[in-house]
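**Q** Here you go, one structure.
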Amino acid sequence: MPEVLTTIPALRDRVGAARLSGRSIGFVPTMGALHAGHKRLIDLARSECDLVIVSIFVNPLQFDRQDDLERYPRTLDADVALCSASGVDVVFAPSSLEMYPSPPVCVVDVGRVADHLCGRFRPGHFRGVATVVMKLFEITQPDRAYFGEKDAQQLAVIRHLVSDLNVPVEIVGVPTVREADGLALSSRNQRLQPGERRVATVLYEALKDAQARIAAGEREAARVTAAAREMIERQPAVKLEYLEIVDPLDMQPVARIDGPVVAAGAIWVGGVRLIDNVICVPP
Ligand code: AMP
């Protein structure tokens, strides 16, 4: 069983002892409700690091909607069991009060990389993400930290965070884990009704369509996104939030596709918001 620690001093002690004995630290930050996507990150950390720490913290600072924060699944016992089966050494599961004894005065502001995609529709979201990840890095002092490519814009934000602020952590991106029908695994999938679950795959199908058009030589991003948006709009139970083609480093929209790009989208299915993305490479 992993040690389950809930306070910052207890984790600092554990990290300090590991550092003294020269053990490398791998860190997987999560919001819990762990699934096979999270497990892929944990397995990679386990294979590369001596001490594996998984944090489980539903970070209020990154939620732009109170109802989403309240309805976010919390399944600590099952999460600890998954961590145990995956050989995790330490689960860090602090309370909100432990992480934010008072509302923070200093936060990490995120520039242009947050201007589009989710950043446009979730004001303050990436400031909340960058701030909590910075705090968690300070607390866990990892050598490597593992993030899913499923959240491509988040991964881009974290890469800028460590490079701009000289944080000595190696960021490892991990490919998206999907269901057999292509739906990206997400803690929010649990909230889909059966009918909603069936139509939720349309986002990945539209992104694959974009990927195929680009691979076949289409260079005009507007033509690619128009076709992909139309696929989603044909599905009445799904509401499209955005579908854009951006560059992989700064997440800025591109008009003409001259190199690898990311096609990324967000949809609402019932009351559930889902995101996904694929890398597209022109011939
Ligand atoms: P979350 O608990 O949703 O904040 O996710 C924690 C980490 O797991 C993030 O780095 C996510 O990108 C990653 N993750 C979530 N879902 C998947 C997935 N289907 N495949 C790979 N990584 C994922």
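Ligands are numbered from 1 in the order shown, chains are lettered A, B, ... in the order of the structure tokens, and residues start at 1 in each chain.
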Enumerate residues in contact with ligand 1: an atom-to-atom distance of at most 6 Å, counting only C-alpha atoms and all ligand atoms. Format the result as number ranges by chain.
**A** A: 29-32, 37-38, 147-151, 175-178, 184-186
**Q** So which residues of region 54-264 of chain A fall under strand (DSSP E or B) by DSSP, listed as number ranges by chain?
**A** A: 54-56, 90-92, 144-148, 170-174, 178, 184, 220, 238-246, 253, 256, 261-264
**Q** Would you tabulate, counting only C-alpha atoms, all residues of region 64-125 of chain A that have an atom at most 12 Å from an atom of region 187-198 of chain A, showing the closest pair of atoms and their distance in Å to one decimal, sorted by chain then ascending number, as CSV?
**A**
residue,atom,partner,partner_atom,distance
A:Asp68,CA,A:Arg188,CA,9.7
A:Leu69,CA,A:Arg188,CA,11.4
A:Arg71,CA,A:Arg191,CA,9.0
A:Tyr72,CA,A:Arg188,CA,7.5
A:Pro73,CA,A:Ser187,CA,7.2
A:Arg74,CA,A:Ser187,CA,9.6
A:Thr75,CA,A:Ser187,CA,10.4
A:Asp79,CA,A:Ser187,CA,11.7
**Q** Go ahead and save the picked residues with N, CA and C atoms, as a short mmCIF file (atom, residue, chain, number, x, y, z; two decimals), in the first residue's frame.
**A**
data_model
loop_
_atom_site.label_atom_id
_atom_site.label_comp_id
_atom_site.auth_asym_id
_atom_site.auth_seq_id
_atom_site.Cartn_x
_atom_site.Cartn_y
_atom_site.Cartn_z
N ASP A 68 -19.31 22.60 -11.69
CA ASP A 68 -18.35 21.60 -12.16
C ASP A 68 -17.45 21.16 -11.00
N LEU A 69 -17.03 22.11 -10.18
CA LEU A 69 -16.20 21.79 -9.00
C LEU A 69 -16.97 20.88 -8.05
N ARG A 71 -19.54 18.91 -8.71
CA ARG A 71 -19.90 17.61 -9.28
C ARG A 71 -18.70 16.77 -9.68
N TYR A 72 -17.49 17.33 -9.52
CA TYR A 72 -16.31 16.57 -9.92
C TYR A 72 -16.22 15.29 -9.08
N PRO A 73 -16.04 14.10 -9.71
CA PRO A 73 -16.07 12.85 -8.93
C PRO A 73 -14.92 12.77 -7.93
N ARG A 74 -15.23 12.29 -6.73
CA ARG A 74 -14.20 12.11 -5.70
C ARG A 74 -14.27 10.66 -5.20
N THR A 75 -13.21 9.89 -5.47
CA THR A 75 -13.24 8.44 -5.22
C THR A 75 -11.92 8.01 -4.58
N ASP A 79 -9.05 5.26 -5.73
CA ASP A 79 -7.82 5.85 -6.26
C ASP A 79 -6.59 5.26 -5.55
#
**Q** Can you list, as a ChimeraX atom specification, every protein, DNA or RNA residue that comes within 9 Å of region 243-260 of chain A when you count only C-alpha atoms, leaving out same-chain residues fewer than 2 positions away?
**A** /A:112-117,152-153,156-157,159-160,207,214,218-222,224-225,228-229,240-241,262-267,279-283
**Q** What would the file look like if the residues just selected were written as a compact mmCIF listing (two decimals), in the first residue's frame with N, CA, C and O atoms?
**A**
# COMPACT_ATOMS: atom_id res chain seq x y z
N ARG A 112 0.29 34.16 -23.67
CA ARG A 112 -0.42 33.85 -24.90
C ARG A 112 -0.80 32.39 -25.10
O ARG A 112 -1.78 32.08 -25.77
N VAL A 113 -0.06 31.48 -24.48
CA VAL A 113 -0.36 30.05 -24.67
C VAL A 113 -1.77 29.72 -24.16
O VAL A 113 -2.38 28.73 -24.58
N ALA A 114 -2.31 30.60 -23.30
CA ALA A 114 -3.67 30.37 -22.78
C ALA A 114 -4.73 31.20 -23.48
O ALA A 114 -5.89 31.22 -23.06
N ASP A 115 -4.34 31.88 -24.57
CA ASP A 115 -5.31 32.79 -25.21
C ASP A 115 -6.42 32.08 -25.99
O ASP A 115 -7.48 32.63 -26.19
N HIS A 116 -6.11 30.87 -26.49
CA HIS A 116 -7.08 30.19 -27.36
C HIS A 116 -7.57 28.89 -26.70
O HIS A 116 -7.31 28.65 -25.54
N LEU A 117 -8.29 28.10 -27.48
CA LEU A 117 -8.79 26.79 -27.03
C LEU A 117 -9.48 26.93 -25.66
O LEU A 117 -10.30 27.84 -25.46
N ALA A 152 -3.57 18.89 -24.12
CA ALA A 152 -2.41 19.40 -24.86
C ALA A 152 -2.08 20.83 -24.46
O ALA A 152 -0.90 21.20 -24.34
N GLN A 153 -3.10 21.64 -24.25
CA GLN A 153 -2.83 23.04 -23.89
C GLN A 153 -2.24 23.13 -22.48
O GLN A 153 -1.33 23.90 -22.23
N ALA A 156 1.35 22.27 -22.76
CA ALA A 156 2.10 23.40 -23.32
C ALA A 156 2.32 24.48 -22.25
O ALA A 156 3.40 25.05 -22.15
N VAL A 157 1.30 24.72 -21.43
CA VAL A 157 1.43 25.71 -20.34
C VAL A 157 2.53 25.26 -19.37
O VAL A 157 3.39 26.06 -18.97
N ARG A 159 5.05 23.23 -19.92
CA ARG A 159 6.39 23.32 -20.54
C ARG A 159 6.90 24.76 -20.50
O ARG A 159 8.08 25.01 -20.24
N HIS A 160 6.02 25.73 -20.77
CA HIS A 160 6.43 27.14 -20.67
C HIS A 160 6.74 27.51 -19.22
O HIS A 160 7.68 28.25 -18.95
N LEU A 207 -11.84 15.06 -35.24
CA LEU A 207 -10.40 15.36 -35.18
C LEU A 207 -9.61 14.40 -36.09
O LEU A 207 -8.64 14.81 -36.74
N ILE A 214 -5.32 16.68 -43.49
CA ILE A 214 -3.99 17.30 -43.48
C ILE A 214 -2.95 16.31 -44.02
O ILE A 214 -2.09 16.68 -44.82
N GLU A 218 -4.12 18.78 -47.54
CA GLU A 218 -4.84 20.05 -47.36
C GLU A 218 -4.01 20.99 -46.49
O GLU A 218 -3.57 20.62 -45.40
N ARG A 219 -3.79 22.22 -46.99
CA ARG A 219 -2.93 23.17 -46.25
C ARG A 219 -3.72 24.30 -45.61
O ARG A 219 -3.17 25.06 -44.82
N GLU A 220 -4.97 24.48 -46.02
CA GLU A 220 -5.77 25.58 -45.49
C GLU A 220 -6.50 25.13 -44.24
O GLU A 220 -7.44 24.33 -44.30
N ALA A 221 -6.11 25.70 -43.09
CA ALA A 221 -6.71 25.28 -41.82
C ALA A 221 -8.22 25.52 -41.82
O ALA A 221 -8.99 24.71 -41.29
N ALA A 222 -8.66 26.61 -42.44
CA ALA A 222 -10.09 26.95 -42.41
C ALA A 222 -10.93 25.85 -43.08
O ALA A 222 -12.04 25.56 -42.63
N VAL A 224 -10.12 22.68 -43.27
CA VAL A 224 -10.08 21.49 -42.41
C VAL A 224 -11.06 21.65 -41.25
O VAL A 224 -11.85 20.75 -40.93
N THR A 225 -11.02 22.83 -40.62
CA THR A 225 -11.89 23.02 -39.44
C THR A 225 -13.35 23.09 -39.85
O THR A 225 -14.22 22.63 -39.11
N ALA A 228 -14.60 19.55 -40.12
CA ALA A 228 -14.67 18.88 -38.81
C ALA A 228 -15.82 19.45 -37.98
O ALA A 228 -16.56 18.70 -37.33
N ARG A 229 -15.99 20.78 -38.03
CA ARG A 229 -17.09 21.40 -37.28
C ARG A 229 -18.44 20.89 -37.78
O ARG A 229 -19.34 20.64 -36.99
N LEU A 240 -20.99 22.11 -29.98
CA LEU A 240 -19.56 22.39 -30.20
C LEU A 240 -19.15 23.66 -29.45
O LEU A 240 -19.81 24.70 -29.58
N GLU A 241 -18.08 23.59 -28.67
CA GLU A 241 -17.56 24.81 -28.03
C GLU A 241 -16.48 25.43 -28.91
O GLU A 241 -16.56 26.58 -29.28
N VAL A 262 -1.62 20.93 -34.05
CA VAL A 262 -2.55 20.22 -33.17
C VAL A 262 -3.96 20.62 -33.56
O VAL A 262 -4.26 21.81 -33.65
N ALA A 263 -4.81 19.62 -33.82
CA ALA A 263 -6.24 19.89 -33.99
C ALA A 263 -6.88 19.59 -32.64
O ALA A 263 -6.73 18.49 -32.11
N ALA A 264 -7.54 20.60 -32.06
CA ALA A 264 -8.08 20.44 -30.71
C ALA A 264 -9.53 20.91 -30.68
O ALA A 264 -9.90 21.86 -31.39
N GLY A 265 -10.33 20.24 -29.86
CA GLY A 265 -11.74 20.63 -29.78
C GLY A 265 -12.31 20.40 -28.40
O GLY A 265 -11.75 19.67 -27.57
N ALA A 266 -13.44 21.07 -28.15
CA ALA A 266 -14.20 20.87 -26.92
C ALA A 266 -15.67 20.81 -27.30
O ALA A 266 -16.13 21.59 -28.14
N ILE A 267 -16.38 19.85 -26.70
CA ILE A 267 -17.82 19.74 -26.94
C ILE A 267 -18.55 19.61 -25.60
O ILE A 267 -17.94 19.25 -24.58
N ILE A 279 -2.42 15.18 -32.99
CA ILE A 279 -1.33 15.81 -33.74
C ILE A 279 -1.57 15.52 -35.22
O ILE A 279 -1.92 14.38 -35.58
N CYS A 280 -1.40 16.52 -36.06
CA CYS A 280 -1.60 16.33 -37.50
C CYS A 280 -0.29 16.70 -38.22
O CYS A 280 0.27 17.77 -37.97
N VAL A 281 0.13 15.82 -39.10
CA VAL A 281 1.40 16.05 -39.80
C VAL A 281 1.14 16.11 -41.30
O VAL A 281 0.62 15.14 -41.88
N PRO A 282 1.50 17.23 -41.95
CA PRO A 282 1.30 17.30 -43.40
C PRO A 282 2.32 16.41 -44.13
O PRO A 282 3.36 16.08 -43.55
N PRO A 283 2.02 16.03 -45.38
CA PRO A 283 2.93 15.12 -46.09
C PRO A 283 4.27 15.81 -46.40
O PRO A 283 4.34 17.01 -46.46
**Q** List every residue of region 16-146 of chain A that DSSP, applied to the backbone, labels as alpha helix (DSSP H), and write the result as a ChimeraX atom specification.
**A** /A:16-20,36-48,66-71,76-85,96-99,117-121,125-140
**Q** Out of A:Gly128, A:Gly22, A:Gly182, A:Pro168, which residue has the shortest atom-to-atom distance to Ala206 (chain A) when counting only C-alpha atoms?
**A**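 Of the candidates, the smallest distance to Ala206 (chain A) is held by A:Gly182.
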**Q** If we count only C-alpha atoms, what is near Glu170 (chain A) at a cut-off of 8 Å, once residues fewer than 2 positions away on the same chain are taken out, given as a PDB file with all heavy atoms, in the first residue's frame?
**A**
ATOM      1  N   ASP A 143      12.140  15.040  -9.862  1.00  0.00           N
ATOM      2  CA  ASP A 143      13.073  15.094 -10.985  1.00  0.00           C
ATOM      3  C   ASP A 143      12.291  15.115 -12.290  1.00  0.00           C
ATOM      4  O   ASP A 143      12.653  15.808 -13.230  1.00  0.00           O
ATOM      5  CB  ASP A 143      13.987  13.858 -10.963  1.00  0.00           C
ATOM      6  CG  ASP A 143      14.837  13.850  -9.715  1.00  0.00           C
ATOM      7  OD1 ASP A 143      15.850  14.560  -9.704  1.00  0.00           O
ATOM      8  OD2 ASP A 143      14.450  13.179  -8.731  1.00  0.00           O
ATOM      9  N   ARG A 144      11.219  14.297 -12.335  1.00  0.00           N
ATOM     10  CA  ARG A 144      10.380  14.232 -13.541  1.00  0.00           C
ATOM     11  C   ARG A 144       8.919  14.334 -13.131  1.00  0.00           C
ATOM     12  O   ARG A 144       8.520  13.792 -12.101  1.00  0.00           O
ATOM     13  CB  ARG A 144      10.563  12.891 -14.264  1.00  0.00           C
ATOM     14  CG  ARG A 144      11.918  12.694 -14.855  1.00  0.00           C
ATOM     15  CD  ARG A 144      11.872  11.518 -15.839  1.00  0.00           C
ATOM     16  NE  ARG A 144      13.229  11.147 -16.186  1.00  0.00           N
ATOM     17  CZ  ARG A 144      13.942  10.266 -15.505  1.00  0.00           C
ATOM     18  NH1 ARG A 144      13.416   9.626 -14.484  1.00  0.00           N
ATOM     19  NH2 ARG A 144      15.180  10.001 -15.867  1.00  0.00           N
ATOM     20  N   ALA A 145       8.135  15.000 -13.992  1.00  0.00           N
ATOM     21  CA  ALA A 145       6.693  15.062 -13.751  1.00  0.00           C
ATOM     22  C   ALA A 145       5.984  14.667 -15.033  1.00  0.00           C
ATOM     23  O   ALA A 145       6.422  15.012 -16.137  1.00  0.00           O
ATOM     24  CB  ALA A 145       6.279  16.458 -13.309  1.00  0.00           C
ATOM     25  N   PRO A 168      13.561  23.261 -12.112  1.00  0.00           N
ATOM     26  CA  PRO A 168      14.401  22.122 -12.514  1.00  0.00           C
ATOM     27  C   PRO A 168      13.647  20.789 -12.503  1.00  0.00           C
ATOM     28  O   PRO A 168      13.971  19.868 -11.765  1.00  0.00           O
ATOM     29  CB  PRO A 168      15.529  22.134 -11.476  1.00  0.00           C
ATOM     30  CG  PRO A 168      14.889  22.726 -10.261  1.00  0.00           C
ATOM     31  CD  PRO A 168      13.821  23.670 -10.727  1.00  0.00           C
ATOM     32  N   VAL A 172       7.453  15.200 -18.786  1.00  0.00           N
ATOM     33  CA  VAL A 172       7.270  14.059 -19.688  1.00  0.00           C
ATOM     34  C   VAL A 172       5.813  14.041 -20.166  1.00  0.00           C
ATOM     35  O   VAL A 172       4.886  13.974 -19.354  1.00  0.00           O
ATOM     36  CB  VAL A 172       7.595  12.730 -18.962  1.00  0.00           C
ATOM     37  CG1 VAL A 172       7.473  11.553 -19.928  1.00  0.00           C
ATOM     38  CG2 VAL A 172       8.990  12.781 -18.330  1.00  0.00           C
TER      39      VAL A 172
END
**Q** Let me make sure I understand: among A:Ala130, A:Leu274, A:Val28, A:Cys106, which one has the smallest atom-to-atom distance to Val52 (chain A) if we use only C-alpha atoms?
**A**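 Distance minimum relative to Val52 (chain A) lands on A:Val28.
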**Q** Tell me which protein, DNA and RNA residues are within 6 Å of region 6-17 of chain A, counting only C-alpha atoms, leaving out same-chain ones fewer than 3 positions away, and put them as an mmCIF file with C-alpha atoms, in the first residue's frame.
**A**
data_model
loop_
_atom_site.group_PDB
_atom_site.id
_atom_site.type_symbol
_atom_site.label_atom_id
_atom_site.label_comp_id
_atom_site.auth_asym_id
_atom_site.auth_seq_id
_atom_site.Cartn_x
_atom_site.Cartn_y
_atom_site.Cartn_z
ATOM 1 C CA LEU A 20 19.168 12.553 1.077
ATOM 2 C CA PHE A 92 -0.496 13.093 -1.512
ATOM 3 C CA ALA A 93 -4.140 14.010 -0.901
ATOM 4 C CA PRO A 94 -4.281 17.410 0.779
#
**Q** Excluding Gln235 (chain A) and any residue of its chain fewer than 4 positions from it, enumerate the residues within 9 Å of it, using only C-alpha atoms, and give them as a list in words.
**A**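 Close residues of Gln235 (chain A): Val199, Val202, Glu230, Met231 and Lys239 of chain A.
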**Q** I need the chosen residues saved as a PDB file, in the first residue's frame, with N, CA, C and O atoms.
**A**
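Contents of the output file selection01.pdb:
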ATOM      1  N   VAL A 199     -22.767   9.145 -28.430  1.00  0.00           N
ATOM      2  CA  VAL A 199     -22.494  10.229 -29.388  1.00  0.00           C
ATOM      3  C   VAL A 199     -21.204  10.990 -29.061  1.00  0.00           C
ATOM      4  O   VAL A 199     -20.704  11.755 -29.890  1.00  0.00           O
ATOM      5  N   VAL A 202     -18.030  11.593 -31.361  1.00  0.00           N
ATOM      6  CA  VAL A 202     -18.013  12.429 -32.568  1.00  0.00           C
ATOM      7  C   VAL A 202     -16.827  13.415 -32.564  1.00  0.00           C
ATOM      8  O   VAL A 202     -16.293  13.753 -33.626  1.00  0.00           O
ATOM      9  N   GLU A 230     -18.527  20.749 -39.103  1.00  0.00           N
ATOM     10  CA  GLU A 230     -19.791  20.290 -39.689  1.00  0.00           C
ATOM     11  C   GLU A 230     -20.141  18.882 -39.193  1.00  0.00           C
ATOM     12  O   GLU A 230     -21.299  18.596 -38.887  1.00  0.00           O
ATOM     13  N   MET A 231     -19.136  18.035 -39.080  1.00  0.00           N
ATOM     14  CA  MET A 231     -19.395  16.674 -38.565  1.00  0.00           C
ATOM     15  C   MET A 231     -20.016  16.727 -37.179  1.00  0.00           C
ATOM     16  O   MET A 231     -20.933  15.976 -36.853  1.00  0.00           O
ATOM     17  N   LYS A 239     -23.074  19.868 -28.448  1.00  0.00           N
ATOM     18  CA  LYS A 239     -22.871  21.291 -28.727  1.00  0.00           C
ATOM     19  C   LYS A 239     -21.358  21.535 -28.842  1.00  0.00           C
ATOM     20  O   LYS A 239     -20.596  21.186 -27.933  1.00  0.00           O
TER      21      LYS A 239
END
**Q** In Å to one decimal, how far is CA of Ile42 (chain A) from CA of Ser95 (chain A)?
**A**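 That distance, rounded to one decimal, is 21.9 Å.
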